[in-house]
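Text of the file structure.tsv, holding TSV, C-alpha atoms:
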chain	number	residue	atom	x	y	z
L	1282	MET	CA	79.37	3.42	-107.48
L	1283	GLY	CA	77.05	6.43	-107.11
L	1284	ARG	CA	76.99	8.46	-103.91
L	1285	ASP	CA	74.27	10.60	-102.36
L	1286	ARG	CA	74.83	14.14	-101.07
L	1287	LEU	CA	76.13	12.78	-97.75
L	1288	GLY	CA	78.83	10.83	-99.55
L	1289	GLN	CA	77.17	7.49	-98.84
L	1290	VAL	CA	77.07	4.71	-101.39
L	1291	ARG	CA	73.50	4.41	-102.62
L	1292	LEU	CA	71.81	1.15	-101.70
L	1293	ARG	CA	70.90	0.31	-105.28
L	1294	ASP	CA	74.59	0.54	-106.24
L	1295	ARG	CA	75.82	-1.84	-103.57
L	1296	PRO	CA	76.79	-5.36	-104.67
L	1297	PRO	CA	74.73	-8.23	-103.24
L	1298	HIS	CA	77.57	-9.38	-100.96
L	1299	ALA	CA	77.45	-6.00	-99.14
L	1300	LEU	CA	73.78	-6.56	-98.34
L	1301	LEU	CA	74.49	-10.09	-97.17
L	1302	THR	CA	77.30	-8.82	-94.94
L	1303	GLY	CA	74.92	-6.29	-93.40
L	1304	THR	CA	72.33	-8.97	-92.72
L	1305	ALA	CA	74.96	-11.19	-91.10
L	1306	TYR	CA	76.00	-8.28	-88.87
L	1307	LEU	CA	72.41	-7.85	-87.64
L	1308	ASP	CA	71.92	-11.58	-87.17
L	1309	LYS	CA	75.00	-11.81	-84.93
L	1310	ASP	CA	74.22	-8.79	-82.74
L	1311	PRO	CA	73.20	-10.20	-79.33
L	1312	ALA	CA	71.52	-6.95	-78.23
L	1313	LEU	CA	69.26	-6.67	-81.25
L	1314	PRO	CA	66.51	-9.20	-80.37
L	1315	PHE	CA	66.03	-7.51	-77.00
L	1316	ALA	CA	66.02	-4.08	-78.65
L	1317	GLN	CA	63.41	-5.20	-81.17
L	1318	ASP	CA	61.11	-6.39	-78.37
L	1319	CYS	CA	61.63	-3.04	-76.65
L	1320	LEU	CA	60.71	-1.15	-79.81
L	1321	GLU	CA	57.52	-3.18	-80.23
L	1322	ASP	CA	56.39	-2.36	-76.69
L	1323	LEU	CA	57.38	1.29	-77.00
L	1324	ARG	CA	55.65	1.78	-80.36
L	1325	ASP	CA	52.47	0.21	-78.98
L	1326	GLU	CA	52.58	2.56	-75.99
L	1327	ILE	CA	53.28	5.88	-77.70
L	1328	GLY	CA	51.92	5.25	-81.20
L	1329	GLN	CA	54.88	6.83	-82.99
L	1330	THR	CA	57.78	5.52	-85.09
L	1331	VAL	CA	60.73	4.35	-82.96
L	1332	HIS	CA	64.34	3.45	-83.75
L	1333	PHE	CA	67.33	1.61	-82.27
L	1334	ALA	CA	70.72	2.81	-83.51
L	1335	ARG	CA	74.43	2.58	-82.76
L	1336	ARG	CA	77.12	5.22	-83.06
L	1337	ASP	CA	79.66	4.37	-85.75
L	1338	GLY	CA	82.38	6.97	-85.46
L	1339	ALA	CA	80.89	10.32	-86.47
L	1340	HIS	CA	77.69	8.65	-87.73
L	1341	VAL	CA	74.75	6.69	-86.39
L	1342	LEU	CA	73.71	3.39	-87.94
L	1343	TYR	CA	70.05	2.40	-87.76
L	1344	LEU	CA	69.75	-1.23	-86.64
L	1345	ALA	CA	65.99	-1.56	-86.07
L	1346	THR	CA	62.83	0.49	-86.66
L	1347	ARG	CA	59.17	0.07	-85.85
L	1348	GLU	CA	56.96	2.38	-87.89
L	1349	SER	CA	53.88	4.05	-86.48
L	1350	ARG	CA	50.77	2.05	-87.33
L	1351	GLU	CA	49.31	5.31	-88.65
L	1352	ALA	CA	52.15	5.85	-91.15
L	1353	ASP	CA	50.91	6.29	-94.72
L	1354	HIS	CA	54.02	4.60	-96.07
L	1355	VAL	CA	57.03	2.84	-94.60
L	1356	ILE	CA	60.45	4.39	-95.19
L	1357	PRO	CA	63.19	1.75	-94.88
L	1358	ARG	CA	65.70	2.90	-92.28
L	1359	VAL	CA	67.56	-0.25	-91.18
L	1360	GLY	CA	71.11	0.07	-92.47
L	1361	ARG	CA	70.80	3.82	-92.96
L	1362	ARG	CA	73.82	5.79	-91.76
L	1363	LEU	CA	73.49	9.48	-90.90
L	1364	PRO	CA	75.84	12.12	-89.47
L	1365	ALA	CA	75.55	11.96	-85.69
L	1366	HIS	CA	75.21	15.70	-85.18
L	1367	VAL	CA	71.95	15.95	-87.18
L	1368	THR	CA	69.97	13.34	-85.22
L	1369	ALA	CA	68.71	13.06	-81.66
L	1370	LEU	CA	70.19	9.55	-81.63
L	1371	GLY	CA	73.59	10.88	-82.56
L	1372	GLN	CA	73.46	13.82	-80.18
L	1373	VAL	CA	72.59	11.69	-77.17
L	1374	LEU	CA	75.50	9.36	-78.01
L	1375	LEU	CA	77.93	12.20	-78.69
L	1376	ALA	CA	76.99	13.51	-75.24
L	1377	GLN	CA	78.58	10.37	-73.81
L	1378	LEU	CA	81.94	11.77	-74.92
L	1379	THR	CA	83.91	14.78	-73.71
L	1380	ASP	CA	83.79	17.99	-75.73
L	1381	ASP	CA	87.40	17.43	-76.81
L	1382	GLU	CA	86.52	13.93	-78.04
L	1383	VAL	CA	83.52	15.30	-79.94
L	1384	VAL	CA	85.59	18.01	-81.64
L	1385	ALA	CA	88.26	15.48	-82.62
L	1386	LEU	CA	85.64	13.03	-83.92
L	1387	LEU	CA	83.42	15.25	-86.06
L	1388	PRO	CA	84.42	16.49	-89.50
L	1389	ALA	CA	84.75	20.14	-90.38
L	1390	PRO	CA	82.68	21.68	-91.71
L	1391	LEU	CA	79.56	20.00	-90.33
L	1392	VAL	CA	77.07	19.11	-93.07
L	1393	ALA	CA	73.61	20.75	-92.95
L	1394	LEU	CA	70.59	18.67	-93.94
L	1395	THR	CA	68.03	21.41	-93.19
L	1396	GLU	CA	68.11	25.08	-92.24
L	1397	HIS	CA	67.77	23.98	-88.60
L	1398	THR	CA	70.82	21.67	-88.53
L	1399	ILE	CA	73.45	22.73	-85.99
L	1400	THR	CA	76.64	23.31	-87.95
L	1401	ASP	CA	78.55	25.41	-85.41
L	1402	LEU	CA	80.72	23.26	-83.11
L	1403	THR	CA	80.43	25.68	-80.19
L	1404	LYS	CA	76.64	25.63	-80.43
L	1405	LEU	CA	76.68	21.84	-80.76
L	1406	THR	CA	78.85	21.30	-77.68
L	1407	GLY	CA	76.54	23.64	-75.77
L	1408	GLU	CA	73.58	21.51	-76.82
L	1409	LEU	CA	75.42	18.33	-75.79
L	1410	ASP	CA	76.02	19.84	-72.35
L	1411	GLN	CA	72.25	20.29	-71.99
L	1412	VAL	CA	71.74	16.69	-73.12
L	1413	ARG	CA	74.11	15.48	-70.37
L	1414	THR	CA	72.14	17.47	-67.79
L	1415	ARG	CA	68.71	16.28	-68.99
L	1416	GLY	CA	69.65	12.71	-69.80
L	1417	TRP	CA	67.94	12.81	-73.20
L	1418	SER	CA	68.23	14.69	-76.49
L	1419	TYR	CA	65.64	16.55	-78.54
L	1420	GLU	CA	65.98	17.87	-82.04
L	1421	ARG	CA	63.34	19.61	-84.12
L	1422	GLU	CA	63.66	19.55	-87.91
L	1423	GLN	CA	67.46	19.34	-87.81
L	1424	GLY	CA	67.51	16.18	-89.92
L	1425	THR	CA	64.10	16.17	-91.64
L	1426	PRO	CA	61.67	19.06	-92.19
L	1427	GLY	CA	58.46	18.62	-90.22
L	1428	VAL	CA	59.92	15.93	-87.94
L	1429	ALA	CA	61.10	16.14	-84.33
L	1430	CYS	CA	62.93	13.40	-82.41
L	1431	VAL	CA	63.65	12.47	-78.80
L	1432	ALA	CA	66.42	9.98	-77.96
L	1433	VAL	CA	67.76	8.25	-74.85
L	1434	ALA	CA	71.02	6.30	-74.59
L	1435	VAL	CA	70.89	2.60	-73.68
L	1436	ASP	CA	73.55	2.61	-70.98
L	1437	TYR	CA	74.60	-1.02	-70.81
L	1438	ARG	CA	78.06	-0.01	-72.07
L	1439	ILE	CA	80.37	2.77	-70.87
L	1440	PRO	CA	80.31	5.00	-72.79
L	1441	ALA	CA	76.95	4.10	-74.29
L	1442	THR	CA	77.08	3.19	-77.98
L	1443	ASP	CA	73.37	2.52	-78.57
L	1444	ALA	CA	70.25	4.64	-78.24
L	1445	ILE	CA	66.50	4.55	-78.82
L	1446	SER	CA	64.56	7.40	-80.37
L	1447	CYS	CA	61.08	8.40	-81.43
L	1448	SER	CA	60.31	10.33	-84.63
L	1449	MET	CA	57.18	12.47	-84.36
L	1450	PRO	CA	55.48	15.40	-86.08
L	1451	ALA	CA	57.29	18.63	-85.18
L	1452	GLY	CA	54.00	20.30	-84.19
L	1453	LEU	CA	53.04	18.01	-81.31
L	1454	PRO	CA	52.10	19.90	-78.10
L	1455	PRO	CA	54.73	20.00	-75.33
L	1456	ALA	CA	52.62	17.78	-73.04
L	1457	GLU	CA	52.61	15.01	-75.66
L	1458	VAL	CA	56.36	15.33	-76.24
L	1459	GLU	CA	56.84	15.04	-72.46
L	1460	ARG	CA	54.68	11.90	-72.35
L	1461	ILE	CA	56.66	10.34	-75.18
L	1462	THR	CA	59.98	11.26	-73.56
L	1463	GLU	CA	58.97	9.66	-70.25
L	1464	SER	CA	57.97	6.47	-72.08
L	1465	ILE	CA	61.27	6.29	-73.95
L	1466	ILE	CA	63.22	6.78	-70.72
L	1467	LYS	CA	61.22	4.00	-69.02
L	1468	HIS	CA	61.63	1.47	-71.84
L	1469	THR	CA	65.28	2.32	-72.46
L	1470	ARG	CA	66.16	1.83	-68.79
L	1471	LYS	CA	64.35	-1.50	-68.85
L	1472	LEU	CA	66.26	-2.56	-71.97
L	1473	ALA	CA	69.61	-1.55	-70.47
L	1474	ALA	CA	68.86	-3.53	-67.29
L	1475	THR	CA	67.93	-6.59	-69.39
L	1476	LEU	CA	71.11	-6.39	-71.46
L	1477	ARG	CA	73.28	-6.06	-68.35
L	1478	ARG	CA	71.49	-8.99	-66.73
L	1479	GLU	CA	72.05	-11.10	-69.85
L	1480	GLY	CA	75.74	-10.23	-69.77
L	1481	ILE	CA	75.66	-8.51	-73.17
L	1482	ARG	CA	78.45	-5.98	-73.65
Take the structure I supplied and represent it as structure tokens, if you would.
Amino acid sequence: MGRDRLGQVRLRDRPPHALLTGTAYLDKDPALPFAQDCLEDLRDEIGQTVHFARRDGAHVLYLATRESREADHVIPRVGRRLPAHVTALGQVLLAQLTDDEVVALLPAPLVALTEHTITDLTKLTGELDQVRTRGWSYEREQGTPGVACVAVAVDYRIPATDAISCSMPAGLPPAEVERITESIIKHTRKLAATLRREGIR
């Protein structure tokens, strides 16, 4: 099987049974229908592309995406697995762990996807400390040139394993980023409350 530069098996090389297994995983996830409804409402409110993902060890796995209605083309993300340290989704979920747990979890050296990717563990743990204080993560062009992301953990589990993020142009004004962040916080808290009420763990 061929692998991309992150060491992942390319989708076109995967046998059909692997795709069927992935679909079955999504179909059986009790949190996913609620998360999809949340993404629909959030996308309609902020007008940007939004994601729901879960930490899988040192990576994040995209489970649902709603593309901006203004997007010129749709990039398939469901099933995509990225290093946690390069994404806002991953950083907000890594912040649920202690620094010692993060250091033990992440590989060395940390892979760089862009010139802005944090590859120094000391710098990364400092950023995670800020995430814990703020309650949300923000990365600008660490994973994709020209793209910034804000993410908030869905805290229906302790520690949280899931998060919601928004991908947006890196050049948006601070006031717009603040508006988007407030919306994500609001919808994520609502989703977490719904999942707890439904008894989903």
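For the pair CA of Thr1469 in chain L and CA of Asp1381 in chain L, the separation is 27.1 Å.
Shortest atom-to-atom contact with Arg1460 in chain L among L:Val1431, L:Ala1473, L:Leu1405, L:Ala1334: L:Val1431, counting only C-alpha atoms.
Using all atoms listed in the file, the nearest neighbour of Gly1480 in chain L within the list L:Thr1368, L:Pro1314, L:Ala1432, L:Tyr1437 is L:Tyr1437.
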Problem set entry | Nearest-residue call for Gln1423 in chain L, choices L:Thr1462, L:Thr1406, L:Thr1330, L:Ser1448, using all atoms listed in the file | L:Ser1448
Problem set entry | Selection: 10 Å around Arg1324 in chain L, only C-alpha atoms, excl. self and same-chain fewer than 3 positions, as a list in words | Cys1319, Leu1320, Glu1321, Ile1327, Gly1328, Gln1329, Thr1330, Val1331, His1332, Thr1346, Arg1347, Glu1348, Ser1349, Arg1350, Cys1447, Ser1464 and Ile1465 of chain L
For this session: Mind giving me the straight-line distance from CA of Arg1358 in chain L to CA of His1340 in chain L in Å, one decimal?
Result: 14.1 Å
Kindly list the centre and edge lengths in Å, rounded to one decimal, for the axis-aligned box that covers all listed atoms of range 1406-1415 of chain L plus 3 Å on each of its six sides, as lines of an AutoDock Vina configuration file.
center_x = 73.8
center_y = 19.6
center_z = -72.7
size_x = 16.1
size_y = 14.2
size_z = 15.9
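The nearest approach to Ala1451 in chain L among the residues L:Arg1438, L:Arg1477, L:Glu1420, L:Arg1361, with all atoms listed in the file taken into account, belongs to L:Glu1420.
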For this session: Tell me which of L:Glu1463, L:Asp1310, L:Asp1410, L:Glu1479 sits closest to Gln1377 in chain L, counting only C-alpha atoms.
Result: L:Asp1410
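The space separating CA of Leu1472 in chain L from CA of Ala1316 in chain L comes to 6.9 Å.
Distance check against Thr1425 in chain L using only C-alpha atoms: of L:Lys1471, L:His1397, L:Arg1478, L:Arg1336, the minimum falls on L:His1397.
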Problem set entry | Shell of 12 Å around Lys1404 in chain L, only C-alpha atoms, local chain residues under 6 positions omitted, as a ChimeraX atom specification | /L:1366,1380,1384,1391,1398,1410-1411
